[in-house]
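Quick look at target.pdb (PDB, C-alpha atoms and all ligand atoms):
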ATOM      1  CA  MET A   1      31.003 -22.969  15.124  1.00  0.00           C
ATOM      2  CA  GLN A   2      30.183 -19.477  16.414  1.00  0.00           C
ATOM      3  CA  THR A   3      26.437 -18.792  16.472  1.00  0.00           C
ATOM      4  CA  SER A   4      26.003 -16.186  19.217  1.00  0.00           C
ATOM      5  CA  TRP A   5      27.228 -12.644  19.931  1.00  0.00           C
ATOM      6  CA  VAL A   6      29.292 -13.803  22.900  1.00  0.00           C
ATOM      7  CA  LEU A   7      32.756 -14.619  21.570  1.00  0.00           C
ATOM      8  CA  PRO A   8      35.360 -16.622  23.457  1.00  0.00           C
ATOM      9  CA  VAL A   9      38.691 -14.746  23.530  1.00  0.00           C
ATOM     10  CA  ARG A  10      40.640 -16.850  26.033  1.00  0.00           C
ATOM     11  CA  SER A  11      43.390 -17.599  23.508  1.00  0.00           C
ATOM     12  CA  LEU A  12      43.944 -13.844  22.999  1.00  0.00           C
ATOM     13  CA  VAL A  13      43.776 -12.540  26.547  1.00  0.00           C
ATOM     14  CA  ASN A  14      47.058 -10.891  27.608  1.00  0.00           C
ATOM     15  CA  LYS A  15      48.773 -11.775  24.342  1.00  0.00           C
ATOM     16  CA  PRO A  16      49.213  -8.411  22.635  1.00  0.00           C
ATOM     17  CA  GLY A  17      49.859  -8.757  18.942  1.00  0.00           C
ATOM     18  CA  HIS A  18      47.841 -11.944  18.539  1.00  0.00           C
ATOM     19  CA  MET A  19      44.719 -11.885  16.463  1.00  0.00           C
ATOM     20  CA  GLU A  20      41.917 -14.063  15.236  1.00  0.00           C
ATOM     21  CA  GLN A  21      39.507 -13.789  12.358  1.00  0.00           C
ATOM     22  CA  LEU A  22      35.919 -15.055  12.452  1.00  0.00           C
ATOM     23  CA  ASP A  23      33.049 -15.158   9.970  1.00  0.00           C
ATOM     24  CA  PHE A  24      29.698 -16.285  11.292  1.00  0.00           C
ATOM     25  CA  ASP A  25      25.919 -15.801  11.261  1.00  0.00           C
ATOM     26  CA  VAL A  26      23.679 -15.204  14.231  1.00  0.00           C
ATOM     27  CA  SER A  27      19.964 -15.935  14.143  1.00  0.00           C
ATOM     28  CA  LEU A  28      18.270 -13.080  16.022  1.00  0.00           C
ATOM     29  CA  GLU A  29      16.329 -13.980  19.151  1.00  0.00           C
ATOM     30  CA  GLU A  30      14.376 -10.729  18.953  1.00  0.00           C
ATOM     31  CA  PRO A  31      13.758  -8.263  16.146  1.00  0.00           C
ATOM     32  CA  TRP A  32      16.301  -5.471  15.585  1.00  0.00           C
ATOM     33  CA  GLY A  33      15.359  -2.158  14.083  1.00  0.00           C
ATOM     34  CA  THR A  34      13.255   0.928  14.072  1.00  0.00           C
ATOM     35  CA  GLU A  35       9.549   1.473  13.533  1.00  0.00           C
ATOM     36  CA  MET A  36      10.232   1.709   9.818  1.00  0.00           C
ATOM     37  CA  VAL A  37      12.969  -0.879   9.177  1.00  0.00           C
ATOM     38  CA  THR A  38      13.260  -4.210  10.994  1.00  0.00           C
ATOM     39  CA  ILE A  39      15.188  -7.449  10.895  1.00  0.00           C
ATOM     40  CA  PRO A  40      12.625  -9.999  12.135  1.00  0.00           C
ATOM     41  CA  ALA A  41      13.447 -12.455  14.909  1.00  0.00           C
ATOM     42  CA  GLY A  42      14.799 -15.660  13.417  1.00  0.00           C
ATOM     43  CA  ASP A  43      16.543 -13.909  10.539  1.00  0.00           C
ATOM     44  CA  ASP A  44      20.335 -14.013  10.294  1.00  0.00           C
ATOM     45  CA  VAL A  45      22.804 -11.191  10.686  1.00  0.00           C
ATOM     46  CA  SER A  46      26.240 -12.098   9.303  1.00  0.00           C
ATOM     47  CA  VAL A  47      29.526 -10.747  10.574  1.00  0.00           C
ATOM     48  CA  GLU A  48      33.135 -10.786   9.465  1.00  0.00           C
ATOM     49  CA  ILE A  49      35.241  -9.919  12.442  1.00  0.00           C
ATOM     50  CA  ARG A  50      38.836  -9.473  13.553  1.00  0.00           C
ATOM     51  CA  LEU A  51      39.719  -9.860  17.217  1.00  0.00           C
ATOM     52  CA  GLU A  52      43.034  -8.266  18.137  1.00  0.00           C
ATOM     53  CA  SER A  53      44.787  -8.562  21.451  1.00  0.00           C
ATOM     54  CA  VAL A  54      46.082  -5.138  22.511  1.00  0.00           C
ATOM     55  CA  HIS A  55      47.590  -4.014  25.823  1.00  0.00           C
ATOM     56  CA  GLU A  56      44.341  -2.627  27.214  1.00  0.00           C
ATOM     57  CA  GLY A  57      42.101  -5.452  26.079  1.00  0.00           C
ATOM     58  CA  ILE A  58      40.574  -6.936  22.941  1.00  0.00           C
ATOM     59  CA  LEU A  59      39.951  -4.722  19.936  1.00  0.00           C
ATOM     60  CA  VAL A  60      37.020  -5.893  17.833  1.00  0.00           C
ATOM     61  CA  THR A  61      36.824  -4.670  14.243  1.00  0.00           C
ATOM     62  CA  GLY A  62      34.313  -5.947  11.755  1.00  0.00           C
ATOM     63  CA  GLU A  63      31.455  -5.646   9.349  1.00  0.00           C
ATOM     64  CA  ALA A  64      27.884  -6.797   9.751  1.00  0.00           C
ATOM     65  CA  PHE A  65      25.564  -7.468   6.863  1.00  0.00           C
ATOM     66  CA  GLY A  66      22.137  -8.827   6.088  1.00  0.00           C
ATOM     67  CA  VAL A  67      18.692  -7.881   4.878  1.00  0.00           C
ATOM     68  CA  ALA A  68      16.035  -5.940   6.779  1.00  0.00           C
ATOM     69  CA  LYS A  69      12.340  -5.643   5.964  1.00  0.00           C
ATOM     70  CA  THR A  70      10.750  -2.311   5.301  1.00  0.00           C
ATOM     71  CA  GLU A  71       8.362  -0.547   2.965  1.00  0.00           C
ATOM     72  CA  CYS A  72       8.638   2.416   0.650  1.00  0.00           C
ATOM     73  CA  SER A  73       7.690   5.522   2.619  1.00  0.00           C
ATOM     74  CA  ARG A  74       5.917   6.922  -0.463  1.00  0.00           C
ATOM     75  CA  CYS A  75       4.118   4.020  -2.163  1.00  0.00           C
ATOM     76  CA  LEU A  76       4.122   1.544   0.763  1.00  0.00           C
ATOM     77  CA  GLN A  77       5.390  -1.377  -1.327  1.00  0.00           C
ATOM     78  CA  PRO A  78       7.266  -3.953   0.784  1.00  0.00           C
ATOM     79  CA  LEU A  79      11.021  -3.585   0.352  1.00  0.00           C
ATOM     80  CA  ASP A  80      14.135  -5.490   1.310  1.00  0.00           C
ATOM     81  CA  HIS A  81      16.798  -3.223   2.737  1.00  0.00           C
ATOM     82  CA  GLY A  82      20.242  -4.769   2.299  1.00  0.00           C
ATOM     83  CA  PHE A  83      22.863  -3.386   4.662  1.00  0.00           C
ATOM     84  CA  ARG A  84      26.573  -3.697   5.311  1.00  0.00           C
ATOM     85  CA  VAL A  85      28.058  -1.660   8.145  1.00  0.00           C
ATOM     86  CA  ALA A  86      31.452  -1.403   9.813  1.00  0.00           C
ATOM     87  CA  PHE A  87      32.070  -1.293  13.547  1.00  0.00           C
ATOM     88  CA  GLN A  88      34.985  -1.155  15.947  1.00  0.00           C
ATOM     89  CA  GLU A  89      35.066  -1.389  19.707  1.00  0.00           C
ATOM     90  CA  LEU A  90      37.653  -1.932  22.403  1.00  0.00           C
ATOM     91  CA  PHE A  91      36.727  -4.362  25.170  1.00  0.00           C
ATOM     92  CA  ALA A  92      38.981  -3.384  28.086  1.00  0.00           C
ATOM     93  CA  TYR A  93      40.308  -5.786  30.723  1.00  0.00           C
ATOM     94  CA  SER A  94      39.235  -3.410  33.444  1.00  0.00           C
ATOM     95  CA  GLY A  95      36.581  -0.795  32.906  1.00  0.00           C
ATOM     96  CA  GLN A  96      37.501   2.762  33.926  1.00  0.00           C
ATOM     97  CA  LEU A  97      34.235   4.303  32.878  1.00  0.00           C
ATOM     98  CA  GLU A  98      30.790   3.065  33.729  1.00  0.00           C
ATOM     99  CA  ASP A  99      29.680   2.488  30.148  1.00  0.00           C
ATOM    100  CA  GLU A 100      32.943   0.966  28.981  1.00  0.00           C
ATOM    101  CA  LEU A 101      32.725  -2.517  27.510  1.00  0.00           C
ATOM    102  CA  THR A 102      34.898  -5.112  29.160  1.00  0.00           C
ATOM    103  CA  VAL A 103      36.166  -8.630  28.697  1.00  0.00           C
ATOM    104  CA  ILE A 104      34.079 -10.801  30.996  1.00  0.00           C
ATOM    105  CA  ASP A 105      34.992 -14.414  31.790  1.00  0.00           C
ATOM    106  CA  ASN A 106      37.332 -14.483  28.773  1.00  0.00           C
ATOM    107  CA  THR A 107      34.525 -13.507  26.420  1.00  0.00           C
ATOM    108  CA  VAL A 108      33.392 -10.347  24.639  1.00  0.00           C
ATOM    109  CA  ASP A 109      29.689  -9.737  24.038  1.00  0.00           C
ATOM    110  CA  ILE A 110      29.340  -7.837  20.759  1.00  0.00           C
ATOM    111  CA  ASP A 111      25.508  -7.853  20.650  1.00  0.00           C
ATOM    112  CA  GLN A 112      25.081  -4.146  21.514  1.00  0.00           C
ATOM    113  CA  VAL A 113      27.982  -3.004  19.321  1.00  0.00           C
ATOM    114  CA  VAL A 114      26.685  -4.776  16.233  1.00  0.00           C
ATOM    115  CA  ARG A 115      23.052  -3.906  16.914  1.00  0.00           C
ATOM    116  CA  ASP A 116      23.770  -0.186  17.397  1.00  0.00           C
ATOM    117  CA  SER A 117      25.855   0.074  14.213  1.00  0.00           C
ATOM    118  CA  VAL A 118      23.238  -1.793  12.176  1.00  0.00           C
ATOM    119  CA  VAL A 119      20.155   0.028  13.463  1.00  0.00           C
ATOM    120  CA  ILE A 120      21.722   3.502  13.212  1.00  0.00           C
ATOM    121  CA  SER A 121      22.442   2.807   9.528  1.00  0.00           C
ATOM    122  CA  PHE A 122      18.767   2.247   8.705  1.00  0.00           C
ATOM    123  CA  PRO A 123      17.088   4.944   6.605  1.00  0.00           C
ATOM    124  CA  PHE A 124      14.351   7.085   8.179  1.00  0.00           C
ATOM    125  CA  GLN A 125      12.382   7.275   4.952  1.00  0.00           C
ATOM    126  CA  PRO A 126      13.173   4.309   2.719  1.00  0.00           C
ATOM    127  CA  VAL A 127      12.109   4.636  -0.903  1.00  0.00           C
ATOM    128  CA  CYS A 128      11.723   1.906  -3.522  1.00  0.00           C
ATOM    129  CA  ASP A 129      13.233   4.329  -6.018  1.00  0.00           C
ATOM    130  CA  GLU A 130      14.422   7.932  -5.775  1.00  0.00           C
ATOM    131  CA  ASN A 131      11.784   8.752  -8.389  1.00  0.00           C
ATOM    132  CA  CYS A 132       8.935   6.904  -6.699  1.00  0.00           C
ATOM    133  CA  LEU A 133       5.704   8.807  -7.336  1.00  0.00           C
ATOM    134  CA  GLY A 134       3.926   7.556  -4.235  1.00  0.00           C
ATOM    135  CA  LEU A 135       0.195   7.080  -3.910  1.00  0.00           C
ATOM    136  CA  CYS A 136      -2.683   9.086  -5.337  1.00  0.00           C
ATOM    137  CA  ALA A 137      -3.963  11.346  -2.570  1.00  0.00           C
ATOM    138  CA  LYS A 138      -7.502  10.802  -3.825  1.00  0.00           C
ATOM    139  CA  CYS A 139      -7.850   7.052  -4.281  1.00  0.00           C
ATOM    140  CA  GLY A 140      -4.617   5.577  -2.936  1.00  0.00           C
ATOM    141  CA  ALA A 141      -3.638   4.043  -6.284  1.00  0.00           C
ATOM    142  CA  ASN A 142       0.058   3.459  -6.826  1.00  0.00           C
ATOM    143  CA  LEU A 143       1.073   6.305  -9.132  1.00  0.00           C
ATOM    144  CA  ASN A 144       4.089   4.332 -10.372  1.00  0.00           C
ATOM    145  CA  GLU A 145       1.659   1.837 -11.911  1.00  0.00           C
ATOM    146  CA  HIS A 146      -1.090   4.295 -12.860  1.00  0.00           C
ATOM    147  CA  PRO A 147       0.730   7.574 -13.488  1.00  0.00           C
ATOM    148  CA  ASN A 148      -1.959   9.073 -15.733  1.00  0.00           C
ATOM    149  CA  HIS A 149      -5.168   7.792 -14.179  1.00  0.00           C
ATOM    150  CA  VAL A 150      -7.979  10.279 -13.777  1.00  0.00           C
ATOM    151  CA  HIS A 151     -11.006  10.449 -11.546  1.00  0.00           C
ATOM    152  CA  GLU A 152     -14.484  10.699 -12.970  1.00  0.00           C
ATOM    153  CA  ASP A 153     -15.450  13.381 -10.520  1.00  0.00           C
ATOM    154  CA  GLU A 154     -12.422  15.457 -11.358  1.00  0.00           C
ATOM    155  CA  ILE A 155     -13.948  18.486 -13.019  1.00  0.00           C
ATOM    156  CA  ASP A 156     -11.916  21.437 -14.102  1.00  0.00           C
ATOM    157  CA  PRO A 157     -12.459  24.024 -11.324  1.00  0.00           C
ATOM    158  CA  ARG A 158     -13.581  26.595 -13.929  1.00  0.00           C
ATOM    159  CA  TRP A 159     -16.317  24.228 -15.074  1.00  0.00           C
ATOM    160  CA  ALA A 160     -17.289  23.524 -11.503  1.00  0.00           C
ATOM    161  CA  GLU A 161     -17.831  27.222 -11.024  1.00  0.00           C
ATOM    162  CA  LEU A 162     -20.035  27.353 -14.108  1.00  0.00           C
ATOM    163  CA  LYS A 163     -21.955  24.329 -12.968  1.00  0.00           C
ATOM    164  CA  LYS A 164     -22.626  26.013  -9.658  1.00  0.00           C
ATOM    165  CA  LEU A 165     -23.918  29.106 -11.410  1.00  0.00           C
ATOM    166  CA  LYS A 166     -26.179  26.974 -13.549  1.00  0.00           C
ATOM    167  CA  GLU A 167     -27.607  25.199 -10.513  1.00  0.00           C
ATOM    168  CA  GLU A 168     -28.273  28.527  -8.835  1.00  0.00           C
ATOM    169  CA  GLU A 169     -30.298  29.742 -11.802  1.00  0.00           C
TER     170      GLU A 169
HETATM  171 ZN    ZN B 201       7.789   3.599  -3.740  1.00  0.00          ZN
HETATM  172 ZN    ZN B 202      -6.400   8.304  -7.885  1.00  0.00          ZN
END

Could you render the structure as structure tokens?
Ligand SMILES: [Zn+2]
Ligand SMILES: [Zn+2]
Amino acid sequence: MQTSWVLPVRSLVNKPGHMEQLDFDVSLEEPWGTEMVTIPAGDDVSVEIRLESVHEGILVTGEAFGVAKTECSRCLQPLDHGFRVAFQELFAYSGQLEDELTVIDNTVDIDQVVRDSVVISFPFQPVCDENCLGLCAKCGANLNEHPNHVHEDEIDPRWAELKKLKEEE
């Protein structure tokens, strides 16, 4: 049972045309995400993956899915952000470029590939609803729950002006 990002590919190495399909979950050892949206350590990221042996190496194609934690950028309510993202990467037998991913000891390590595709898909400003009204600038009340609330000290500016005049008298 596959439970880590390091996948054994021994049975595929140097066998172009062969392929393998894997579905598995990995429990994260550290949180993944941005300041705004995070998958906490200990939570699972699921993947459905196809490993294909090609001449140059192992081609990894798949989808990752799960649920990240965030909050609405307007009303600050906690939110679950469900995601499903696709990724594809070639792990070469011999790396030509410095940042090229390679097959090492008959394994491919897809941690960075999956992590990058997942994190880049996260929204910068998540909202609980496109029509979320956010918080009252005055008292911080959730305007979705109290859309018509008023403040006692809210005096029509024209009256405030009159009041001022009266006080000056
Ligand atoms: Zn909201
Ligand atoms: Zn208010």

Please, what distance in Å, to one decimal, runs between atom CA of A:Gly82 and atom CA of A:Ile58?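 For atom CA of A:Gly82 relative to atom CA of A:Ile58, the distance reads 29.1 Å.
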
Would you write out, as a Markdown table, a table of all residues in chain A that have an atom no more than 9 Å from an atom of ligand ZN 201 (chain B), listing for each the closest atom pair and the distance in Å to one decimal, considering all atoms listed in the file and ordering rows by chain and rising residue number?
| residue | atom | partner | partner_atom | distance |
| --- | --- | --- | --- | --- |
| A:Glu71 | CA | B:ZN201 | ZN | 7.9 |
| A:Cys72 | CA | B:ZN201 | ZN | 4.6 |
| A:Ser73 | CA | B:ZN201 | ZN | 6.6 |
| A:Arg74 | CA | B:ZN201 | ZN | 5.0 |
| A:Cys75 | CA | B:ZN201 | ZN | 4.0 |
| A:Leu76 | CA | B:ZN201 | ZN | 6.2 |
| A:Gln77 | CA | B:ZN201 | ZN | 6.0 |
| A:Pro78 | CA | B:ZN201 | ZN | 8.8 |
| A:Leu79 | CA | B:ZN201 | ZN | 8.9 |
| A:Pro126 | CA | B:ZN201 | ZN | 8.4 |
| A:Val127 | CA | B:ZN201 | ZN | 5.3 |
| A:Cys128 | CA | B:ZN201 | ZN | 4.3 |
| A:Asp129 | CA | B:ZN201 | ZN | 5.9 |
| A:Glu130 | CA | B:ZN201 | ZN | 8.2 |
| A:Asn131 | CA | B:ZN201 | ZN | 8.0 |
| A:Cys132 | CA | B:ZN201 | ZN | 4.6 |
| A:Leu133 | CA | B:ZN201 | ZN | 6.7 |
| A:Gly134 | CA | B:ZN201 | ZN | 5.6 |
| A:Leu135 | CA | B:ZN201 | ZN | 8.4 |
| A:Asn142 | CA | B:ZN201 | ZN | 8.3 |
| A:Asn144 | CA | B:ZN201 | ZN | 7.6 |

Quick one: everything within 9 Å of A:Glu89, counting only C-alpha atoms, minus sequence neighbours fewer than 4 positions away in the same chain. Send it as a PyMOL selection string. chain A and resi 58-61+101+110+113

Would you mind listing the residues within 7 Å of ligand ZN 202 (chain B), counting only C-alpha atoms and all ligand atoms, as a list in words?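 Sorted by chain and then by number, the residues are Cys136, Ala137, Lys138, Cys139, Gly140, Ala141, His149, Val150 and His151 of chain A.
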
I need the residue set behind the PyMOL selection byres (((chain A and resi 1) around 8) and not hetatm) for this file; please write it as a ChimeraX atom specification. /A:2-3,24

Would you save stretch 52-97 of chain A to a file, keeping C-alpha atoms, as a CSV table (one decimal), in the first residue's frame?
chain,number,residue,atom,x,y,z
A,52,GLU,CA,4.2,5.5,-18.0
A,53,SER,CA,7.5,4.2,-19.1
A,54,VAL,CA,8.8,6.2,-22.0
A,55,HIS,CA,12.2,6.2,-23.7
A,56,GLU,CA,13.6,9.1,-21.7
A,57,GLY,CA,12.2,8.1,-18.3
A,58,ILE,CA,9.0,7.8,-16.4
A,59,LEU,CA,6.1,10.1,-17.2
A,60,VAL,CA,3.9,10.8,-14.3
A,61,THR,CA,0.3,12.0,-15.0
A,62,GLY,CA,-2.3,12.5,-12.3
A,63,GLU,CA,-4.7,14.4,-10.2
A,64,ALA,CA,-4.5,15.4,-6.6
A,65,PHE,CA,-7.5,16.2,-4.5
A,66,GLY,CA,-8.4,17.0,-0.9
A,67,VAL,CA,-9.7,19.7,1.4
A,68,ALA,CA,-7.7,22.7,2.6
A,69,LYS,CA,-8.6,25.1,5.5
A,70,THR,CA,-9.1,28.7,4.9
A,71,GLU,CA,-11.4,31.6,5.8
A,72,CYS,CA,-13.6,34.0,3.9
A,73,SER,CA,-11.4,37.0,3.0
A,74,ARG,CA,-14.5,39.3,3.6
A,75,CYS,CA,-16.4,37.9,6.6
A,76,LEU,CA,-13.6,35.8,8.1
A,77,GLN,CA,-15.8,32.7,8.5
A,78,PRO,CA,-13.8,29.4,8.5
A,79,LEU,CA,-14.1,27.7,5.2
A,80,ASP,CA,-13.2,24.3,3.7
A,81,HIS,CA,-11.6,24.7,0.3
A,82,GLY,CA,-12.0,21.5,-1.8
A,83,PHE,CA,-9.5,21.2,-4.6
A,84,ARG,CA,-8.8,18.8,-7.5
A,85,VAL,CA,-5.8,19.6,-9.7
A,86,ALA,CA,-4.0,17.9,-12.5
A,87,PHE,CA,-0.3,17.5,-12.9
A,88,GLN,CA,2.2,15.9,-15.3
A,89,GLU,CA,5.9,15.6,-15.0
A,90,LEU,CA,8.7,13.6,-16.7
A,91,PHE,CA,11.3,12.0,-14.5
A,92,ALA,CA,14.3,11.4,-16.7
A,93,TYR,CA,16.8,8.6,-16.4
A,94,SER,CA,19.6,11.1,-16.6
A,95,GLY,CA,19.2,14.8,-15.9
A,96,GLN,CA,20.4,17.2,-18.6
A,97,LEU,CA,19.4,20.3,-16.8
